[in-house]
Amino acid sequence: MKKIIGSVLCTVMLFAVCFSSAVFAADVTASGACGVDGSDVTWTYYSDGKITFTGTGTMKSYNNGSQPWYKYMTSITEAEFGEGLTRVPSLALYGAENMTSVTIGSTVTEIGSQAFRSCSKLAELNFTPATTCTIADYAFERDGFVTLALPEGITSVGPYAFNNMQGSLKQLYLPSTLQTIGEKAFRNAGKLESVSIPKEITNIPDDAFENDGFSSGYAVNFKVVKGSAGETFAKKVNSLSSNYKYTYELVDYCNVTKNIAWEIKNGVFSVTAGLAESSANPPEVANLKKEGGLLVGDTVTLGYDFTGTDDASITFIMSEDTDGALSLEKYFVGKSSIDLELTDSLKRKTLKMIVLPMDKTGDHGTAKKLEIGTVVPEYEISAKFDTVWSDTIKATVNYEFNKGTKNLLAVLCQYDSSNKMIKVTYNTAAPVVGTPDKLTVSEAADADAVNAKLYLWEGTDLVNTTMVSVVDFVELNK
């Protein structure tokens with residue numbers, strides 16, 4: 001929110017906004033609002049084929065063909081649903097046939113019916129784990145996944161959610177949080193080779209992996225835990241039809257996240273696949289590397305060398321808190337070069353890359369770790385009043401710049417009961433890159449004043465300023 005004082009400031013602000021739009025909107029093809037009443041959600045389609053959905057709240061649902069971005073549907077190559085969104089609505093990107101990658105933020109708790117249906121080239125799902133998240137019916141039907149690792153936090157997969165992936169899906173890893181699997185949820189995955197089922201999953205429909213139209217060659221190996229519902233299901237389903245070639249093997253998971261078991265001992269991160277015994281010549285990774293800065297808004301390029309029969313490694317991007325505990329931020333399957341965008345949600349987090357080499361048979365090598373570093377904001381500013389209304393009004397602005405600087409002008413204004421400005425004072429600061437500091441401004445309280453506002457603009461005084469708000473104003477009422 002930007003607040004203004006007087007008609008001059010209004011004119012300057014209008015010019016600044018128009019100029020900024022002209023400079024920074026060059027790659028934007030189209031954009032608009034797409035939130036339900038009261039939700040600040042917008043969509044933006046870029047000339048490179050990427051579409052983003054940003055804001056806070058709930059996205060509006062549309063009938064297919066009426067989505068505001070529908071005319072670009074077959075041109076979309078990448079989609080991102082940002083932090084702050086609560087759901088991906090039904091039919092959101094139905095028929096985005098050239099889209100290869102989707103990123104979904106951690107605040108999303110629902111993926112609606114047919115949201116990504118008929119996205120035949122969709123092969124990469126970067127899904128930040130949520131507290132709980134459900135996947136509705138037909139949500140990913142006829143998509144292009146080869147390896148699908150649903151993250152922890154997924155609690156429900158609806159009927160036919162991943163139906164008809166006959167030409168692609170080979171490996172499926174289910175999360176330990178999954179409570180409900182709908183009928184025929186993974187039906188007609190004609191090339192499905194293995195399904196890993198954690199011991200926490202207690203109910204699996206007999207037809208969850210039903211296959212129609214394949215009289216032979218449909219062979220699925222279930223990785224299950226002894227004594228679990230997965231083992232019961234695997235034994236039972238094997239006898240349902242002679243056309244199905246179901247087998248199963250018992251595996252031992254110690255701590256399951258996306259069916260990859262990991263544990264931390266004495267500060268050392270180790271990963272085991274829990275899927276198969278490593279072969280005599282397991283795949284390996286080496287030369288883990290990173291290029292680029294660690295500022296919010298930067299893109300860090302991560303990579304490694306892979307040696308193995310099939311590049312199907314899994315890369316984890318982890319964050320480490322002050323106690324040394326690790327949390328999963330993102331994961332990537334089968335990519336030896338990764339462009340990681342450092343979003344605001346990663347600010348102040350210390351990141352690590354952990355790569356588990358694994359080939360298509362489930363054979364795995366030794367996991368390797370790379371310290372990425374701590375993500376810092378380009379600049380960070382906060383403003384507050386230090387005291388309640390008294391004889392003196394004092395406010396403090398804390399700031400830190402890690403890239404470039406801008407002169408800061410703190411303006412403290414007092415208003416009477418008719419909202420007339422009756423007193424103003426200011427102070428300035430010239431920040432130094434890499435040096436946290438603070439700027440204070442104070443003045444005697446006017447007897448007629450009932451309201452005070454602190455504005456923070458770029459500039460050195462009331463004449464030499466852009467009058468563009470650096471942060472939202474702060475208010476103090478008497």
# chains A, B, ... in the order shown; residues from 1 in each chain; ligands from 1

call {"tool": "residues_around", "arguments": {"residues": "stretch 156-172 of chain A", "least_positions_apart": "3", "cutoff": "6 Å", "atoms": "only C-alpha atoms", "output": "PyMOL selection string"}}
result
chain A and resi 134-142+144-149+178-195

call {"tool": "write_last_selection", "arguments": {"atoms": "N, CA and C atoms", "output": "short mmCIF file (atom, residue, chain, number, x, y, z; two decimals), in the first residue's frame"}}
result
data_model
loop_
_atom_site.label_atom_id
_atom_site.label_comp_id
_atom_site.auth_asym_id
_atom_site.auth_seq_id
_atom_site.Cartn_x
_atom_site.Cartn_y
_atom_site.Cartn_z
N THR A 134 -4.93 -32.46 -0.36
CA THR A 134 -5.70 -33.50 -1.03
C THR A 134 -5.61 -33.32 -2.54
N ILE A 135 -5.70 -34.42 -3.26
CA ILE A 135 -5.69 -34.43 -4.72
C ILE A 135 -7.03 -35.00 -5.18
N ALA A 136 -7.79 -34.22 -5.92
CA ALA A 136 -9.15 -34.62 -6.30
C ALA A 136 -9.14 -35.55 -7.52
N ASP A 137 -10.33 -36.02 -7.90
CA ASP A 137 -10.49 -36.97 -8.99
C ASP A 137 -10.00 -36.38 -10.32
N TYR A 138 -9.36 -37.22 -11.10
CA TYR A 138 -8.87 -36.90 -12.45
C TYR A 138 -7.87 -35.73 -12.47
N ALA A 139 -7.32 -35.37 -11.33
CA ALA A 139 -6.47 -34.18 -11.25
C ALA A 139 -5.28 -34.23 -12.21
N PHE A 140 -4.66 -35.41 -12.36
CA PHE A 140 -3.47 -35.54 -13.21
C PHE A 140 -3.68 -36.60 -14.29
N GLU A 141 -4.89 -36.85 -14.69
CA GLU A 141 -5.15 -37.89 -15.68
C GLU A 141 -4.46 -37.56 -17.01
N ARG A 142 -3.88 -38.60 -17.63
CA ARG A 142 -3.22 -38.50 -18.94
C ARG A 142 -2.03 -37.54 -18.92
N GLY A 144 2.33 -36.91 -18.04
CA GLY A 144 3.51 -37.55 -18.60
C GLY A 144 4.57 -37.98 -17.61
N PHE A 145 4.22 -38.20 -16.34
CA PHE A 145 5.22 -38.59 -15.34
C PHE A 145 5.86 -39.92 -15.68
N VAL A 146 7.16 -40.00 -15.48
CA VAL A 146 7.89 -41.27 -15.58
C VAL A 146 8.13 -41.81 -14.19
N THR A 147 8.66 -40.96 -13.32
CA THR A 147 8.81 -41.27 -11.91
C THR A 147 7.98 -40.27 -11.12
N LEU A 148 7.10 -40.76 -10.26
CA LEU A 148 6.21 -39.89 -9.50
C LEU A 148 6.40 -40.17 -8.02
N ALA A 149 6.91 -39.16 -7.31
CA ALA A 149 7.12 -39.27 -5.87
C ALA A 149 6.23 -38.24 -5.19
N LEU A 178 -0.50 -40.56 3.36
CA LEU A 178 -1.66 -40.85 2.50
C LEU A 178 -2.68 -41.71 3.25
N GLN A 179 -3.87 -41.17 3.43
CA GLN A 179 -4.91 -41.87 4.19
C GLN A 179 -5.98 -42.48 3.29
N THR A 180 -6.24 -41.85 2.15
CA THR A 180 -7.32 -42.31 1.27
C THR A 180 -6.82 -42.41 -0.16
N ILE A 181 -7.07 -43.56 -0.78
CA ILE A 181 -6.78 -43.77 -2.19
C ILE A 181 -8.10 -44.09 -2.87
N GLY A 182 -8.49 -43.30 -3.84
CA GLY A 182 -9.76 -43.50 -4.52
C GLY A 182 -9.72 -44.67 -5.48
N GLU A 183 -10.90 -45.09 -5.91
CA GLU A 183 -10.99 -46.19 -6.84
C GLU A 183 -10.24 -45.87 -8.14
N LYS A 184 -9.50 -46.83 -8.62
CA LYS A 184 -8.79 -46.74 -9.90
C LYS A 184 -7.92 -45.48 -9.99
N ALA A 185 -7.37 -45.09 -8.86
CA ALA A 185 -6.58 -43.86 -8.80
C ALA A 185 -5.39 -43.89 -9.74
N PHE A 186 -4.78 -45.07 -9.91
CA PHE A 186 -3.61 -45.21 -10.79
C PHE A 186 -3.89 -46.22 -11.90
N ARG A 187 -5.08 -46.23 -12.37
CA ARG A 187 -5.54 -47.17 -13.39
C ARG A 187 -4.84 -46.91 -14.74
N ASN A 188 -4.60 -47.98 -15.46
CA ASN A 188 -4.06 -47.92 -16.82
C ASN A 188 -2.71 -47.22 -16.91
N ALA A 189 -1.84 -47.52 -15.96
CA ALA A 189 -0.45 -47.10 -16.09
C ALA A 189 0.30 -48.27 -16.71
N GLY A 190 0.25 -48.35 -18.03
CA GLY A 190 0.67 -49.55 -18.74
C GLY A 190 2.12 -49.90 -18.62
N LYS A 191 2.98 -48.94 -18.26
CA LYS A 191 4.40 -49.24 -18.12
C LYS A 191 4.87 -49.22 -16.67
N LEU A 192 3.91 -49.20 -15.75
CA LEU A 192 4.26 -49.15 -14.33
C LEU A 192 5.05 -50.39 -13.92
N GLU A 193 6.21 -50.16 -13.34
CA GLU A 193 7.10 -51.26 -12.96
C GLU A 193 7.14 -51.48 -11.45
N SER A 194 7.11 -50.41 -10.67
CA SER A 194 7.22 -50.58 -9.22
C SER A 194 6.40 -49.53 -8.49
N VAL A 195 5.83 -49.95 -7.35
CA VAL A 195 5.07 -49.07 -6.47
C VAL A 195 5.56 -49.29 -5.05
#

call {"tool": "residues_around", "arguments": {"residues": "A:Gly84", "least_positions_apart": "3", "cutoff": "12 Å", "atoms": "only C-alpha atoms", "output": "number ranges by chain"}}
result
A: 35, 39-42, 53-59, 81, 87-88, 104-109, 130, 344-345

call {"tool": "write_last_selection", "arguments": {"atoms": "C-alpha atoms", "output": "PDB file, in the first residue's frame"}}
result
ATOM      1  CA  GLY A  35      -9.279 -14.735  -6.744  1.00  0.00           C
ATOM      2  CA  SER A  39      -8.779 -12.936  -2.117  1.00  0.00           C
ATOM      3  CA  ASP A  40      -5.868 -11.048  -3.621  1.00  0.00           C
ATOM      4  CA  VAL A  41      -4.830 -13.583  -6.273  1.00  0.00           C
ATOM      5  CA  THR A  42      -3.531 -12.763  -9.743  1.00  0.00           C
ATOM      6  CA  PHE A  53      -0.397 -17.540  -9.842  1.00  0.00           C
ATOM      7  CA  THR A  54       0.457 -15.300  -6.894  1.00  0.00           C
ATOM      8  CA  GLY A  55      -1.174 -13.649  -3.919  1.00  0.00           C
ATOM      9  CA  THR A  56      -2.939 -14.718  -0.761  1.00  0.00           C
ATOM     10  CA  GLY A  57      -6.175 -16.649  -0.533  1.00  0.00           C
ATOM     11  CA  THR A  58      -8.317 -18.793  -2.786  1.00  0.00           C
ATOM     12  CA  MET A  59      -8.238 -18.988  -6.579  1.00  0.00           C
ATOM     13  CA  PHE A  81       1.400 -21.672  -7.824  1.00  0.00           C
ATOM     14  CA  ARG A  87      -5.774 -24.304  -3.517  1.00  0.00           C
ATOM     15  CA  VAL A  88      -5.347 -25.126  -7.187  1.00  0.00           C
ATOM     16  CA  ILE A 104       3.158 -25.844  -6.051  1.00  0.00           C
ATOM     17  CA  GLY A 105       3.717 -23.850  -2.851  1.00  0.00           C
ATOM     18  CA  SER A 106       3.483 -25.203   0.683  1.00  0.00           C
ATOM     19  CA  THR A 107       0.279 -23.312   1.546  1.00  0.00           C
ATOM     20  CA  VAL A 108      -1.799 -25.164  -1.053  1.00  0.00           C
ATOM     21  CA  THR A 109      -4.090 -27.650   0.689  1.00  0.00           C
ATOM     22  CA  ALA A 130       2.136 -28.992   2.966  1.00  0.00           C
ATOM     23  CA  ASP A 344      11.212 -14.951  -0.453  1.00  0.00           C
ATOM     24  CA  SER A 345      10.041 -18.099   1.365  1.00  0.00           C
TER      25      SER A 345
END

call {"tool": "residues_around", "arguments": {"residues": "A:Leu408", "least_positions_apart": "3", "cutoff": "7 Å", "atoms": "only C-alpha atoms", "output": "list in words"}}
result
Thr428, Ala429, Ala430, Leu456, Trp457, Glu458, Gly459 and Thr460 of chain A

call {"tool": "write_last_selection", "arguments": {"atoms": "N, CA and C atoms", "output": "PDB file, in the first residue's frame"}}
result
ATOM      1  N   THR A 428      17.398  11.302   7.617  1.00  0.00           N
ATOM      2  CA  THR A 428      17.865  10.518   6.471  1.00  0.00           C
ATOM      3  C   THR A 428      19.010   9.608   6.867  1.00  0.00           C
ATOM      4  N   ALA A 429      19.249   8.609   6.017  1.00  0.00           N
ATOM      5  CA  ALA A 429      20.378   7.695   6.203  1.00  0.00           C
ATOM      6  C   ALA A 429      20.868   7.237   4.845  1.00  0.00           C
ATOM      7  N   ALA A 430      22.184   6.979   4.771  1.00  0.00           N
ATOM      8  CA  ALA A 430      22.799   6.443   3.554  1.00  0.00           C
ATOM      9  C   ALA A 430      23.338   5.052   3.896  1.00  0.00           C
ATOM     10  N   LEU A 456       8.323   6.133   4.814  1.00  0.00           N
ATOM     11  CA  LEU A 456       9.716   5.877   4.451  1.00  0.00           C
ATOM     12  C   LEU A 456       9.823   5.911   2.932  1.00  0.00           C
ATOM     13  N   TRP A 457      10.578   6.887   2.428  1.00  0.00           N
ATOM     14  CA  TRP A 457      10.739   7.079   1.000  1.00  0.00           C
ATOM     15  C   TRP A 457      12.214   7.010   0.629  1.00  0.00           C
ATOM     16  N   GLU A 458      12.487   6.937  -0.655  1.00  0.00           N
ATOM     17  CA  GLU A 458      13.845   7.113  -1.142  1.00  0.00           C
ATOM     18  C   GLU A 458      14.140   8.605  -1.232  1.00  0.00           C
ATOM     19  N   GLY A 459      15.340   9.012  -0.829  1.00  0.00           N
ATOM     20  CA  GLY A 459      15.703  10.407  -0.952  1.00  0.00           C
ATOM     21  C   GLY A 459      16.549  10.906   0.193  1.00  0.00           C
ATOM     22  N   THR A 460      16.920  12.191   0.126  1.00  0.00           N
ATOM     23  CA  THR A 460      17.778  12.798   1.149  1.00  0.00           C
ATOM     24  C   THR A 460      17.092  13.920   1.908  1.00  0.00           C
TER      25      THR A 460
END

call {"tool": "atom_distance", "arguments": {"atom1": "atom CA of A:Val296", "atom2": "atom CA of A:Ile381"}}
result
14.2 Å

call {"tool": "select_by_dssp", "arguments": {"residues": "stretch 28-107 of chain A", "states": "strand (DSSP E)", "output": "VMD selection string"}}
result
chain A and resid 28 to 33 40 to 46 50 to 56 78 to 81 87 to 88 101 to 104

call {"tool": "write_last_selection", "arguments": {"atoms": "N, CA and C atoms", "output": "mmCIF file, in the first residue's frame"}}
result
data_model
loop_
_atom_site.group_PDB
_atom_site.id
_atom_site.type_symbol
_atom_site.label_atom_id
_atom_site.label_comp_id
_atom_site.auth_asym_id
_atom_site.auth_seq_id
_atom_site.Cartn_x
_atom_site.Cartn_y
_atom_site.Cartn_z
ATOM 1 N N VAL A 28 5.851 -9.593 -19.822
ATOM 2 C CA VAL A 28 4.501 -10.022 -19.462
ATOM 3 C C VAL A 28 3.603 -9.934 -20.690
ATOM 4 N N THR A 29 2.998 -11.055 -21.058
ATOM 5 C CA THR A 29 2.068 -11.069 -22.190
ATOM 6 C C THR A 29 0.664 -10.691 -21.755
ATOM 7 N N ALA A 30 0.230 -11.241 -20.617
ATOM 8 C CA ALA A 30 -1.115 -10.947 -20.119
ATOM 9 C C ALA A 30 -1.170 -11.250 -18.635
ATOM 10 N N SER A 31 -2.097 -10.600 -17.934
ATOM 11 C CA SER A 31 -2.266 -10.849 -16.505
ATOM 12 C C SER A 31 -3.652 -10.391 -16.089
ATOM 13 N N GLY A 32 -4.033 -10.760 -14.864
ATOM 14 C CA GLY A 32 -5.332 -10.351 -14.365
ATOM 15 C C GLY A 32 -5.619 -10.956 -13.013
ATOM 16 N N ALA A 33 -6.749 -10.593 -12.436
ATOM 17 C CA ALA A 33 -7.175 -11.119 -11.144
ATOM 18 C C ALA A 33 -7.864 -12.465 -11.332
ATOM 19 N N ASP A 40 -6.763 -11.806 -2.745
ATOM 20 C CA ASP A 40 -5.868 -11.048 -3.621
ATOM 21 C C ASP A 40 -4.993 -12.024 -4.406
ATOM 22 N N VAL A 41 -5.537 -12.585 -5.462
ATOM 23 C CA VAL A 41 -4.830 -13.583 -6.273
ATOM 24 C C VAL A 41 -4.810 -13.117 -7.725
ATOM 25 N N THR A 42 -3.653 -13.178 -8.355
ATOM 26 C CA THR A 42 -3.531 -12.763 -9.743
ATOM 27 C C THR A 42 -2.801 -13.823 -10.557
ATOM 28 N N TRP A 43 -3.020 -13.798 -11.869
ATOM 29 C CA TRP A 43 -2.303 -14.682 -12.786
ATOM 30 C C TRP A 43 -1.493 -13.819 -13.742
ATOM 31 N N THR A 44 -0.334 -14.332 -14.162
ATOM 32 C CA THR A 44 0.525 -13.630 -15.102
ATOM 33 C C THR A 44 1.109 -14.632 -16.089
ATOM 34 N N TYR A 45 0.915 -14.373 -17.373
ATOM 35 C CA TYR A 45 1.476 -15.231 -18.419
ATOM 36 C C TYR A 45 2.610 -14.472 -19.107
ATOM 37 N N TYR A 46 3.777 -15.126 -19.206
ATOM 38 C CA TYR A 46 4.965 -14.492 -19.763
ATOM 39 C C TYR A 46 5.242 -14.994 -21.179
ATOM 40 N N LYS A 50 5.808 -19.274 -19.410
ATOM 41 C CA LYS A 50 5.568 -19.533 -17.992
ATOM 42 C C LYS A 50 4.323 -18.789 -17.538
ATOM 43 N N ILE A 51 3.528 -19.455 -16.679
ATOM 44 C CA ILE A 51 2.383 -18.805 -16.068
ATOM 45 C C ILE A 51 2.529 -18.910 -14.560
ATOM 46 N N THR A 52 2.267 -17.815 -13.858
ATOM 47 C CA THR A 52 2.376 -17.808 -12.407
ATOM 48 C C THR A 52 1.050 -17.366 -11.797
ATOM 49 N N PHE A 53 0.772 -17.923 -10.608
ATOM 50 C CA PHE A 53 -0.397 -17.540 -9.842
ATOM 51 C C PHE A 53 0.113 -17.106 -8.467
ATOM 52 N N THR A 54 -0.116 -15.858 -8.111
ATOM 53 C CA THR A 54 0.457 -15.300 -6.894
ATOM 54 C C THR A 54 -0.603 -14.589 -6.077
ATOM 55 N N GLY A 55 -0.264 -14.363 -4.807
ATOM 56 C CA GLY A 55 -1.174 -13.649 -3.919
ATOM 57 C C GLY A 55 -1.506 -14.477 -2.700
ATOM 58 N N THR A 56 -2.529 -14.059 -1.999
ATOM 59 C CA THR A 56 -2.939 -14.718 -0.761
ATOM 60 C C THR A 56 -4.427 -15.023 -0.816
ATOM 61 N N GLU A 78 5.425 -23.948 -18.406
ATOM 62 C CA GLU A 78 5.777 -24.058 -16.990
ATOM 63 C C GLU A 78 4.750 -23.297 -16.173
ATOM 64 N N ALA A 79 4.400 -23.833 -14.992
ATOM 65 C CA ALA A 79 3.422 -23.171 -14.140
ATOM 66 C C ALA A 79 3.924 -23.152 -12.705
ATOM 67 N N GLU A 80 3.581 -22.077 -12.016
ATOM 68 C CA GLU A 80 3.970 -21.947 -10.605
ATOM 69 C C GLU A 80 2.806 -21.382 -9.803
ATOM 70 N N PHE A 81 2.441 -22.108 -8.750
ATOM 71 C CA PHE A 81 1.400 -21.672 -7.824
ATOM 72 C C PHE A 81 2.110 -21.279 -6.537
ATOM 73 N N ARG A 87 -5.393 -23.153 -2.707
ATOM 74 C CA ARG A 87 -5.774 -24.304 -3.517
ATOM 75 C C ARG A 87 -5.470 -24.052 -4.989
ATOM 76 N N VAL A 88 -5.369 -25.156 -5.725
ATOM 77 C CA VAL A 88 -5.347 -25.126 -7.187
ATOM 78 C C VAL A 88 -6.752 -25.542 -7.611
ATOM 79 N N SER A 101 6.517 -28.644 -16.536
ATOM 80 C CA SER A 101 6.891 -28.487 -15.131
ATOM 81 C C SER A 101 5.839 -27.698 -14.376
ATOM 82 N N VAL A 102 5.553 -28.152 -13.128
ATOM 83 C CA VAL A 102 4.630 -27.446 -12.244
ATOM 84 C C VAL A 102 5.270 -27.347 -10.861
ATOM 85 N N THR A 103 5.207 -26.154 -10.272
ATOM 86 C CA THR A 103 5.666 -25.938 -8.906
ATOM 87 C C THR A 103 4.479 -25.486 -8.067
ATOM 88 N N ILE A 104 4.297 -26.125 -6.907
ATOM 89 C CA ILE A 104 3.158 -25.844 -6.051
ATOM 90 C C ILE A 104 3.661 -25.486 -4.659
#

call {"tool": "closest_residue", "arguments": {"among": "A:Leu302, A:Val225, A:Leu370, A:Leu356", "to": "A:Asp339", "atoms": "only C-alpha atoms"}}
result
A:Leu302
